[in-house]
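Report on one structure; see the data block that follows.
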Amino acid sequence: MTGVEIISYGHYAPERIVPNREIEARLGLEAGWIKRRTGIEERRYAADGEALSDIAVKAGDMALARTAFSRDDVGLLLLATSTPDHLLPPSSPLVAHRLGLANAGAIDMAGACAGFIYALTLADSFVRTQGTAVLVIAANILSRRINEADRASCVLFADAAGAVLLAPSARPEAGIQGAHLAAKGEHYDLITIPGGGSRKPFSKIRDPQDVLMVMNDGKAVYAAAVDMMTECAEKALARAGMSTGQVDHLIPHQANERMMNTLAHQLDVPPERLRSTIENFGNSSAATIPFTLSATATDRPYAAGEIILMTAAGAGLTGGAAVFRL
């Protein structure tokens, strides 16, 4: 049986740093308000003219450049994003072309904050069944979807991209050991962009606010997301036949520092095993897990055989968790 290895990581955050003081001044908040409630100190915003495909290419190129693996041998590109260059065509074929993936299929995956987990589980299966490498990129430019009047969401979101290159492994024990995916449509309207889809097409929009993100009930989002991430993580561990004591690294969706700490506590994972980038890079939705996976690897290298638990929840609600053996 073929195993699956993450043979390389990549990440990218735009150059523009947006500190809390800019947002606090705009919203009339006291200094320190955002950091106390979210754990975020600053975040990155894309430059004018910088599109989703641009930042996705930079993360993907880093992952590919860090290995001698031939780009011609990548069989599939999965791009998890909620902010593509255009509604049509999808952005992934362009990203694959710019990365020189001449033999790869390419598809966009819209799974909100859980998009990377969904893409990773699909990628793992594709590598096992087809014996070919898969590049997974998660990227978002949420700064262009922020509703500056919506305090609950505008303090959180940021722009970033992360990537992992998966390939067949001679170690059958490597790869996803257990996964659980979830959807709770009863919470469908908690986080929404009201306009721009088939329900309210662009031709019917009169207020530009209708194409910006709104978090309708921050407390409900927090509670539902923590519950979903915890439940998915526990079920993924059960399917892997593992306990949280066997987890070497916990990388949850970087939504909110309090949320991540609550999750680690509920799963009984020691704080030192939690990896986080939220303080300096904020919440870039699906990109946060692969971004953190890559950005923290230099200071805290991974070792073969270690177990990473990844879990996420986001708009929809969609969620999932994966237990990955390196």
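Ligands are numbered from 1 in the order shown, residues from 1 within each chain, and chains are lettered A, B, ... in the order they appear in the structure tokens.
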So that each row is one residue of range 208-324 of chain A with an atom at most 12 Å from range 12-18 of chain A, can you give its shortest atom pair and the distance in Å to one decimal, using only C-alpha atoms, rows by chain and rising number, as a tab-separated table?
```
residue	atom	partner	partner_atom	distance
A:Thr277	CA	A:Ala13	CA	11.4
A:Glu279	CA	A:Val18	CA	11.9
A:Asn280	CA	A:Ile17	CA	8.9
A:Phe281	CA	A:Ala13	CA	7.8
A:Gly282	CA	A:Val18	CA	10.0
A:Asn283	CA	A:Ala13	CA	11.6
A:Ser284	CA	A:Ala13	CA	9.7
A:Ala287	CA	A:Tyr12	CA	9.8
A:Thr288	CA	A:Ala13	CA	10.7
A:Pro290	CA	A:Tyr12	CA	10.3
A:Phe291	CA	A:Tyr12	CA	7.4
A:Thr292	CA	A:Tyr12	CA	10.4
A:Leu293	CA	A:Tyr12	CA	11.9
A:Ser294	CA	A:Tyr12	CA	9.4
A:Ala295	CA	A:Tyr12	CA	8.7
```
* **Neighbour list for Phe126 in chain A as number ranges by chain, cut-off 12 Å, only C-alpha atoms, skip fewer than 6 positions in-chain** => A: 2-4, 74-78, 105, 119-120, 132-136, 166-168, 175-176
Prev. selection, C-alpha atoms, output as a compact mmCIF listing (two decimals), in the first residue's frame:
```txt
# COMPACT_ATOMS: atom_id res chain seq x y z
CA THR A 2 1.30 3.44 -0.93
CA GLY A 3 1.83 5.99 1.80
CA VAL A 4 1.67 9.76 1.35
CA VAL A 74 2.69 16.83 -10.36
CA GLY A 75 -0.65 15.33 -11.40
CA LEU A 76 -3.11 17.67 -9.71
CA LEU A 77 -3.36 21.16 -8.25
CA LEU A 78 -6.06 21.84 -5.66
CA GLY A 105 -5.27 18.94 -13.58
CA ALA A 119 -8.44 19.66 -0.19
CA LEU A 120 -5.90 17.72 1.88
CA THR A 132 1.02 10.82 -8.51
CA ALA A 133 1.96 14.00 -6.65
CA VAL A 134 -0.57 16.68 -5.70
CA LEU A 135 0.11 20.32 -4.89
CA VAL A 136 -2.40 21.78 -2.44
CA LEU A 166 2.18 15.59 -1.38
CA ALA A 167 3.80 12.60 -3.09
CA PRO A 168 3.74 8.79 -2.89
CA GLY A 175 -0.19 10.22 5.36
CA ILE A 176 -3.70 10.73 6.68
```
* Would you return as a PyMOL selection string the members of range 76-236 of chain A that DSSP assigns to strand (DSSP E or B) on this structure's backbone? => chain A and resi 76-80+105-109+133-141+157+159-169+175-183+191-192+214-215
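Taking only range 196-244 of chain A, the residues that DSSP calls alpha helix (DSSP H) from the backbone come to Gly218, Lys219, Ala220, Val221, Tyr222, Ala223, Ala224, Ala225, Val226, Asp227, Met228, Met229, Thr230, Glu231, Cys232, Ala233, Glu234, Lys235, Ala236, Leu237, Ala238, Arg239 and Ala240 of chain A.
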Keeping N, CA and C atoms, export the residues of the selection given above as an mmCIF file, in the first residue's frame.
```cif
data_model
loop_
_atom_site.group_PDB
_atom_site.id
_atom_site.type_symbol
_atom_site.label_atom_id
_atom_site.label_comp_id
_atom_site.auth_asym_id
_atom_site.auth_seq_id
_atom_site.Cartn_x
_atom_site.Cartn_y
_atom_site.Cartn_z
ATOM 1 N N GLY A 218 -21.384 36.994 16.341
ATOM 2 C CA GLY A 218 -20.031 36.580 16.683
ATOM 3 C C GLY A 218 -19.977 35.515 17.765
ATOM 4 N N LYS A 219 -20.813 35.644 18.784
ATOM 5 C CA LYS A 219 -20.818 34.662 19.871
ATOM 6 C C LYS A 219 -21.282 33.295 19.379
ATOM 7 N N ALA A 220 -22.285 33.285 18.518
ATOM 8 C CA ALA A 220 -22.771 32.023 17.971
ATOM 9 C C ALA A 220 -21.719 31.371 17.075
ATOM 10 N N VAL A 221 -21.016 32.187 16.287
ATOM 11 C CA VAL A 221 -19.942 31.672 15.437
ATOM 12 C C VAL A 221 -18.861 31.023 16.294
ATOM 13 N N TYR A 222 -18.461 31.716 17.352
ATOM 14 C CA TYR A 222 -17.412 31.212 18.246
ATOM 15 C C TYR A 222 -17.805 29.850 18.826
ATOM 16 N N ALA A 223 -19.006 29.780 19.383
ATOM 17 C CA ALA A 223 -19.454 28.545 20.034
ATOM 18 C C ALA A 223 -19.584 27.406 19.030
ATOM 19 N N ALA A 224 -20.198 27.692 17.879
ATOM 20 C CA ALA A 224 -20.400 26.641 16.886
ATOM 21 C C ALA A 224 -19.078 26.160 16.308
ATOM 22 N N ALA A 225 -18.146 27.077 16.078
ATOM 23 C CA ALA A 225 -16.852 26.704 15.503
ATOM 24 C C ALA A 225 -16.035 25.862 16.473
ATOM 25 N N VAL A 226 -16.008 26.250 17.741
ATOM 26 C CA VAL A 226 -15.265 25.468 18.738
ATOM 27 C C VAL A 226 -15.849 24.066 18.839
ATOM 28 N N ASP A 227 -17.160 23.974 18.891
ATOM 29 C CA ASP A 227 -17.811 22.659 18.978
ATOM 30 C C ASP A 227 -17.483 21.803 17.762
ATOM 31 N N MET A 228 -17.560 22.409 16.577
ATOM 32 C CA MET A 228 -17.313 21.648 15.353
ATOM 33 C C MET A 228 -15.867 21.195 15.254
ATOM 34 N N MET A 229 -14.920 22.085 15.550
ATOM 35 C CA MET A 229 -13.506 21.715 15.468
ATOM 36 C C MET A 229 -13.159 20.630 16.474
ATOM 37 N N THR A 230 -13.715 20.743 17.684
ATOM 38 C CA THR A 230 -13.452 19.742 18.711
ATOM 39 C C THR A 230 -14.023 18.390 18.300
ATOM 40 N N GLU A 231 -15.286 18.388 17.871
ATOM 41 C CA GLU A 231 -15.942 17.142 17.479
ATOM 42 C C GLU A 231 -15.226 16.483 16.299
ATOM 43 N N CYS A 232 -14.877 17.278 15.291
ATOM 44 C CA CYS A 232 -14.178 16.721 14.130
ATOM 45 C C CYS A 232 -12.826 16.149 14.510
ATOM 46 N N ALA A 233 -12.098 16.852 15.384
ATOM 47 C CA ALA A 233 -10.789 16.366 15.827
ATOM 48 C C ALA A 233 -10.918 15.051 16.579
ATOM 49 N N GLU A 234 -11.883 14.968 17.463
ATOM 50 C CA GLU A 234 -12.076 13.741 18.236
ATOM 51 C C GLU A 234 -12.451 12.571 17.336
ATOM 52 N N LYS A 235 -13.298 12.821 16.344
ATOM 53 C CA LYS A 235 -13.697 11.744 15.437
ATOM 54 C C LYS A 235 -12.552 11.328 14.513
ATOM 55 N N ALA A 236 -11.757 12.280 14.068
ATOM 56 C CA ALA A 236 -10.600 11.947 13.233
ATOM 57 C C ALA A 236 -9.595 11.111 14.021
ATOM 58 N N LEU A 237 -9.368 11.479 15.283
ATOM 59 C CA LEU A 237 -8.458 10.700 16.131
ATOM 60 C C LEU A 237 -8.997 9.290 16.355
ATOM 61 N N ALA A 238 -10.300 9.183 16.573
ATOM 62 C CA ALA A 238 -10.903 7.863 16.784
ATOM 63 C C ALA A 238 -10.729 6.991 15.547
ATOM 64 N N ARG A 239 -10.912 7.579 14.363
ATOM 65 C CA ARG A 239 -10.742 6.812 13.123
ATOM 66 C C ARG A 239 -9.290 6.399 12.915
ATOM 67 N N ALA A 240 -8.374 7.192 13.463
ATOM 68 C CA ALA A 240 -6.954 6.861 13.376
ATOM 69 C C ALA A 240 -6.535 5.881 14.468
#
```
For range 15-111 of chain A versus range 154-162 of chain A, which residues have an atom no more than 12 Å away, and what is each residue's nearest atom pair and distance in Å rounded to one decimal, using only C-alpha atoms, chain-then-number order, as CSV?
```
residue,atom,partner,partner_atom,distance
A:Glu15,CA,A:Asp159,CA,10.2
A:Arg16,CA,A:Asp159,CA,9.8
A:Ile17,CA,A:Ala158,CA,9.9
A:Val18,CA,A:Ala158,CA,9.1
A:Pro19,CA,A:Val155,CA,10.2
A:Asn20,CA,A:Val155,CA,7.9
A:Arg21,CA,A:Val155,CA,10.7
A:Glu22,CA,A:Val155,CA,10.2
A:Ile23,CA,A:Val155,CA,7.0
A:Glu24,CA,A:Val155,CA,8.5
A:Ala25,CA,A:Val155,CA,11.7
A:Arg26,CA,A:Val155,CA,10.8
A:Leu27,CA,A:Val155,CA,9.6
A:Leu29,CA,A:Val155,CA,10.9
A:Gly32,CA,A:Val155,CA,11.9
A:Trp33,CA,A:Val155,CA,9.9
A:Ile34,CA,A:Val155,CA,6.7
A:Lys35,CA,A:Val155,CA,9.5
A:Arg36,CA,A:Val155,CA,11.7
A:Arg37,CA,A:Val155,CA,9.8
A:Thr38,CA,A:Leu156,CA,7.4
A:Gly39,CA,A:Leu156,CA,9.6
A:Ile40,CA,A:Leu156,CA,7.5
A:Glu41,CA,A:Val155,CA,10.0
A:Glu42,CA,A:Ala158,CA,9.1
A:Arg43,CA,A:Ala158,CA,5.7
A:Arg44,CA,A:Ala158,CA,5.7
A:Tyr45,CA,A:Asp159,CA,5.3
A:Ala46,CA,A:Asp159,CA,6.3
A:Ala47,CA,A:Asp159,CA,10.0
A:Glu50,CA,A:Asp159,CA,10.6
A:Ala51,CA,A:Asp159,CA,10.4
A:Leu52,CA,A:Ala161,CA,8.8
A:Ser53,CA,A:Ala161,CA,9.8
A:Asp54,CA,A:Ala161,CA,9.7
A:Ile55,CA,A:Ala161,CA,6.1
A:Ala56,CA,A:Ala161,CA,5.7
A:Val57,CA,A:Ala161,CA,8.8
A:Lys58,CA,A:Ala161,CA,8.0
A:Ala59,CA,A:Gly162,CA,5.5
A:Gly60,CA,A:Gly162,CA,7.4
A:Asp61,CA,A:Gly162,CA,10.4
A:Met62,CA,A:Gly162,CA,9.4
A:Ala63,CA,A:Gly162,CA,8.9
A:Leu78,CA,A:Gly162,CA,11.9
A:Leu79,CA,A:Gly162,CA,10.1
A:Ala80,CA,A:Ala161,CA,9.7
A:Thr81,CA,A:Ala161,CA,9.4
A:Ser82,CA,A:Asp159,CA,11.4
A:Thr83,CA,A:Asp159,CA,10.1
```
Taking N, CA and C atoms for each residue, export the selection above as a short mmCIF file (atom, residue, chain, number, x, y, z; two decimals), in the first residue's frame.
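Output below, filename result.cif:
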```cif
data_model
loop_
_atom_site.label_atom_id
_atom_site.label_comp_id
_atom_site.auth_asym_id
_atom_site.auth_seq_id
_atom_site.Cartn_x
_atom_site.Cartn_y
_atom_site.Cartn_z
N GLU A 15 3.43 42.11 1.62
CA GLU A 15 4.37 42.97 2.33
C GLU A 15 3.69 43.98 3.26
N ARG A 16 2.51 44.43 2.89
CA ARG A 16 1.86 45.49 3.68
C ARG A 16 1.40 44.98 5.04
N ILE A 17 1.95 45.58 6.09
CA ILE A 17 1.57 45.24 7.46
C ILE A 17 0.53 46.24 7.96
N VAL A 18 -0.57 45.71 8.49
CA VAL A 18 -1.64 46.56 9.03
C VAL A 18 -1.74 46.31 10.53
N PRO A 19 -1.20 47.22 11.35
CA PRO A 19 -1.24 47.03 12.80
C PRO A 19 -2.63 47.34 13.35
N ASN A 20 -2.87 46.86 14.55
CA ASN A 20 -4.18 47.07 15.18
C ASN A 20 -4.54 48.54 15.31
N ARG A 21 -3.55 49.38 15.55
CA ARG A 21 -3.85 50.79 15.82
C ARG A 21 -4.58 51.44 14.65
N GLU A 22 -4.30 50.99 13.41
CA GLU A 22 -5.02 51.55 12.26
C GLU A 22 -6.50 51.23 12.33
N ILE A 23 -6.81 49.99 12.66
CA ILE A 23 -8.20 49.56 12.70
C ILE A 23 -8.90 50.12 13.93
N GLU A 24 -8.20 50.13 15.06
CA GLU A 24 -8.80 50.67 16.29
C GLU A 24 -9.12 52.15 16.14
N ALA A 25 -8.25 52.89 15.47
CA ALA A 25 -8.51 54.32 15.25
C ALA A 25 -9.72 54.52 14.35
N ARG A 26 -9.84 53.70 13.33
CA ARG A 26 -10.97 53.82 12.40
C ARG A 26 -12.30 53.50 13.08
N LEU A 27 -12.28 52.51 13.98
CA LEU A 27 -13.51 52.07 14.63
C LEU A 27 -13.78 52.78 15.95
N LEU A 29 -11.98 52.44 18.74
CA LEU A 29 -11.74 51.50 19.83
C LEU A 29 -10.51 51.92 20.64
N GLY A 32 -5.40 48.39 22.24
CA GLY A 32 -5.31 47.06 22.87
C GLY A 32 -6.58 46.25 22.81
N TRP A 33 -7.67 46.86 22.33
CA TRP A 33 -8.97 46.16 22.30
C TRP A 33 -8.92 44.91 21.44
N ILE A 34 -8.34 45.01 20.25
CA ILE A 34 -8.30 43.88 19.33
C ILE A 34 -7.42 42.76 19.86
N LYS A 35 -6.25 43.12 20.37
CA LYS A 35 -5.31 42.09 20.86
C LYS A 35 -5.93 41.31 22.03
N ARG A 36 -6.60 42.00 22.93
CA ARG A 36 -7.19 41.32 24.09
C ARG A 36 -8.26 40.32 23.67
N ARG A 37 -9.00 40.61 22.63
CA ARG A 37 -10.12 39.76 22.25
C ARG A 37 -9.78 38.71 21.20
N THR A 38 -8.72 38.94 20.45
CA THR A 38 -8.42 38.03 19.34
C THR A 38 -7.03 37.43 19.38
N GLY A 39 -6.11 38.08 20.08
CA GLY A 39 -4.72 37.64 20.05
C GLY A 39 -3.94 38.16 18.85
N ILE A 40 -4.61 38.94 18.01
CA ILE A 40 -3.97 39.47 16.80
C ILE A 40 -3.33 40.82 17.10
N GLU A 41 -2.08 40.98 16.67
CA GLU A 41 -1.36 42.24 16.82
C GLU A 41 -1.31 43.00 15.50
N GLU A 42 -1.15 42.25 14.41
CA GLU A 42 -1.08 42.84 13.08
C GLU A 42 -1.45 41.78 12.06
N ARG A 43 -1.70 42.22 10.84
CA ARG A 43 -2.03 41.31 9.77
C ARG A 43 -1.49 41.87 8.47
N ARG A 44 -1.55 41.08 7.38
CA ARG A 44 -1.04 41.52 6.08
C ARG A 44 -2.19 41.72 5.09
N TYR A 45 -2.08 42.78 4.29
CA TYR A 45 -3.03 43.04 3.22
C TYR A 45 -2.29 43.04 1.88
N ALA A 46 -2.93 42.51 0.87
CA ALA A 46 -2.34 42.49 -0.46
C ALA A 46 -2.20 43.89 -1.02
N ALA A 47 -1.21 44.07 -1.86
CA ALA A 47 -0.98 45.36 -2.51
C ALA A 47 -2.01 45.58 -3.62
N GLU A 50 -2.42 43.22 -6.69
CA GLU A 50 -2.01 41.87 -6.32
C GLU A 50 -3.27 41.01 -6.19
N ALA A 51 -3.38 40.00 -7.02
CA ALA A 51 -4.57 39.17 -7.07
C ALA A 51 -4.35 37.85 -6.34
N LEU A 52 -5.44 37.10 -6.17
CA LEU A 52 -5.37 35.81 -5.50
C LEU A 52 -4.37 34.87 -6.17
N SER A 53 -4.41 34.82 -7.49
CA SER A 53 -3.48 33.93 -8.20
C SER A 53 -2.03 34.31 -7.95
N ASP A 54 -1.76 35.60 -7.76
CA ASP A 54 -0.38 36.05 -7.51
C ASP A 54 0.16 35.50 -6.21
N ILE A 55 -0.63 35.56 -5.14
CA ILE A 55 -0.13 35.08 -3.86
C ILE A 55 -0.13 33.56 -3.80
N ALA A 56 -1.07 32.93 -4.50
CA ALA A 56 -1.08 31.47 -4.55
C ALA A 56 0.16 30.94 -5.27
N VAL A 57 0.54 31.59 -6.36
CA VAL A 57 1.73 31.19 -7.11
C VAL A 57 2.98 31.30 -6.23
N LYS A 58 3.06 32.35 -5.42
CA LYS A 58 4.26 32.53 -4.60
C LYS A 58 4.39 31.44 -3.55
N ALA A 59 3.29 31.05 -2.93
CA ALA A 59 3.36 29.96 -1.95
C ALA A 59 3.65 28.63 -2.64
N GLY A 60 2.99 28.38 -3.76
CA GLY A 60 3.23 27.14 -4.48
C GLY A 60 4.64 27.04 -5.02
N ASP A 61 5.16 28.15 -5.51
CA ASP A 61 6.53 28.15 -6.05
C ASP A 61 7.55 27.88 -4.95
N MET A 62 7.31 28.41 -3.75
CA MET A 62 8.21 28.12 -2.64
C MET A 62 8.24 26.63 -2.34
N ALA A 63 7.06 26.01 -2.29
CA ALA A 63 7.00 24.58 -2.01
C ALA A 63 7.72 23.78 -3.08
N LEU A 78 -4.82 21.48 -6.34
CA LEU A 78 -6.06 21.84 -5.66
C LEU A 78 -5.86 23.21 -5.03
N LEU A 79 -6.73 24.15 -5.36
CA LEU A 79 -6.64 25.51 -4.85
C LEU A 79 -7.86 25.80 -3.98
N ALA A 80 -7.64 25.88 -2.67
CA ALA A 80 -8.71 26.18 -1.72
C ALA A 80 -8.78 27.68 -1.51
N THR A 81 -9.87 28.29 -1.95
CA THR A 81 -9.99 29.74 -1.83
C THR A 81 -11.45 30.16 -1.83
N SER A 82 -11.72 31.26 -1.16
CA SER A 82 -13.04 31.90 -1.21
C SER A 82 -12.98 33.21 -1.98
N THR A 83 -11.79 33.58 -2.46
CA THR A 83 -11.60 34.87 -3.12
C THR A 83 -10.83 34.70 -4.44
#
```
